[in-house]
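Visitor: Please see the structure below; I have some questions.
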Amino acid sequence: MNLQDLAAHVAEQFQNHYGRPARWIVAAPGRVNFIGEHTDYNDGFVLPMAIERYAVMAADTASVPGAISVYDTQFKESAKIDISQPVTKGQPKWSNYLRGVIAGFQQRALAVPALDVAMISTVPLGGGLSSSAALEVCTATLLEAATGKALDPVEKALLAQKAEHEFAGVPCGIMDQFISALGREGHLLLLDCRTRKTELVPMSDPSVALLIVNTNVKHELGSGEYAKRRAECESAARALGVASLRDATPEQLAAHQGKMDGVAYRRARHVIGEIERTVHAAEGLRASNWIGAGQLMYASHASLRDDYEVSCKELDAVVEIAGDIGLAGGVYGCRMTGGGFGGCAVALVKADQVVAITERIASLYHVKTGLEATIFSSRPATGASILRG
Ligand code: GLA
């Protein structure tokens, strides 16, 4: 469903549920990361784009003060968030993404009004496409609309990230919330996570497309391992005597190999290499060097699989299949995307071969794993927006 249809749908759901029309409609997209994985919390570069999958909320001021009521139109479940005092964690679990953002507005002394909200999301849940960031940024956008106060977009992303840290317990970097808030139609965003400076990288050549391949598996160890990787990177940086791995060079790392344990060494080798690959990939895309960018994707995947150890057999299967189809079959490159341990892979492909490639990946993935993949392509979408209000 495109964004306009989705907005119309959620507006209708609002009307049916609350018996009056919605005053505001807002949306925030999920994302796919082209390259630059596990570099954001190491002060490195990332190169994500917003995708045409969104969290959308329709809302109006509530007649009763003191609470924000949220109706999830997909799961037909409601949450009531008490805003008469500082908002805390609560039930249902998904409401914490909203709670964290509301708490962030309260902490900034922005008067959060009582609201009735209906929401929907077309970002696959738990698929590594930042469904949680989309919800957080969507909530922040709704509160901007309802309070009439637009936050600085970087502050908005940071507020949403804090919600993820404190209310969802995931010590994520800044990439997901950043791209959901600041994505631009037709562009990837090269983000320097240290300075938070961004550069738009156009991706509008009709001869290429990005395919997103959802393995439809999510291995539970993911969240614990994420925090562990962060800690390993920090200890590697300490061993190298640098503030973060962004400051380390391959030469420095080689000189310290004997003074670090093998795991820290390999984690650092991934991050240092990945930061470099990300900058080169942005150059490649700018120059329409699809083959070069594709090679960097394969190298990124190998490094995430072997050095960073965040892939899994299903993601490896997708990347192997894509590699076997190869250039002759229209695939430039493929890699896992997002935190790992399941979720999605992203492939850069020839646009006129999307249908054939989709069919081949789907059938070979089934043969290799016994599972069904969900495959779709997306143009780079726009970041969070107020559609009505
Ligand atoms: C998750 C996190 C991001 C980032 C990626 C890995 O998506 O939320 O901040 O660290 O993993 O690149």
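Numbering starts fresh at 1 for the residues of each chain in the structure tokens, the chains themselves are lettered A, B, ... in the order given, and ligands are numbered from 1 as they appear.
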For the structure I just gave you, how does DSSP split segment 76-215 of chain A - specifically, which residues are helix (DSSP H, G or I)? Reply as an MDAnalysis selection string.
Guide: chainID A and resid 95:107 131:147 153:167 175:182
Visitor: Report as a PyMOL selection string all protein, DNA and RNA residues lying within 6 Å of segment 158-167 of chain A, evaluated on only C-alpha atoms, omitting residues in the same chain fewer than 3 positions from it.
Guide: chain A and resi 96+100-101+136+155+170-171
Visitor: Set the distance at 8 Å and use only C-alpha atoms: which residues neighbour Ala322 of chain A once local chain neighbours fewer than 2 positions away are removed? I'd like the list as an MDAnalysis selection string.
Guide: chainID A and resid 318:320 324:326 331 333:334 347 361
Visitor: Select, from A:Ser95, A:Ser130, A:Thr122, A:Ser235, the residue with the minimum atom-to-atom distance to Asn42 of chain A, counting only C-alpha atoms.
Guide: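 Answer, going by the shortest atom-to-atom distance: A:Ser235.
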Visitor: Would you write out, as a tab-separated table, a table of all residues in chain A that have an atom no more than 8 Å from an atom of ligand 1, listing for each the closest atom pair and the distance in Å to one decimal, considering only C-alpha atoms and all ligand atoms and ordering rows by chain and rising residue number?
Guide:
residue	atom	partner	partner_atom_place_in_ligand_line	distance
A:Asn33	CA	ligand 1	12 (O)	7.6
A:Gly36	CA	ligand 1	12 (O)	6.4
A:Glu37	CA	ligand 1	12 (O)	3.5
A:His38	CA	ligand 1	12 (O)	3.6
A:Thr39	CA	ligand 1	12 (O)	5.9
A:Asp40	CA	ligand 1	10 (O)	5.5
A:Tyr41	CA	ligand 1	10 (O)	6.1
A:Val46	CA	ligand 1	12 (O)	7.7
A:Gly128	CA	ligand 1	7 (O)	6.2
A:Leu129	CA	ligand 1	7 (O)	7.4
A:Ser130	CA	ligand 1	7 (O)	6.4
A:Ala133	CA	ligand 1	8 (O)	7.9
A:Val170	CA	ligand 1	8 (O)	7.6
A:Pro171	CA	ligand 1	8 (O)	7.7
A:Cys172	CA	ligand 1	9 (O)	4.1
A:Gly173	CA	ligand 1	9 (O)	3.3
A:Ile174	CA	ligand 1	9 (O)	5.2
A:Met175	CA	ligand 1	9 (O)	5.0
A:Asp176	CA	ligand 1	8 (O)	5.7
A:Tyr226	CA	ligand 1	11 (O)	7.6
A:Thr337	CA	ligand 1	12 (O)	7.3
A:Gly338	CA	ligand 1	7 (O)	4.4
A:Gly339	CA	ligand 1	11 (O)	3.4
A:Gly340	CA	ligand 1	11 (O)	7.2
Visitor: Would you work out the distance separating atom CA of Asp43 of chain A from atom CA of Asp192 of chain A, expressed in Å to one decimal?
Guide: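 Interatomic distance, atom CA of Asp43 of chain A to atom CA of Asp192 of chain A: 7.3 Å.
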Visitor: Can you pull out every residue within 6 Å of segment 274-284 of chain A, counting only C-alpha atoms, but drop anything in the same chain fewer than 5 positions away, and send it as a PyMOL selection string?
Guide: chain A and resi 35-36+44-45+289+293
Visitor: Could you check how far atom CA of Lys93 of chain A sits from atom CA of Ser311 of chain A, in Å to one decimal?
Guide: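 If I compute the distance from atom CA of Lys93 of chain A to atom CA of Ser311 of chain A, I get 26.6 Å.
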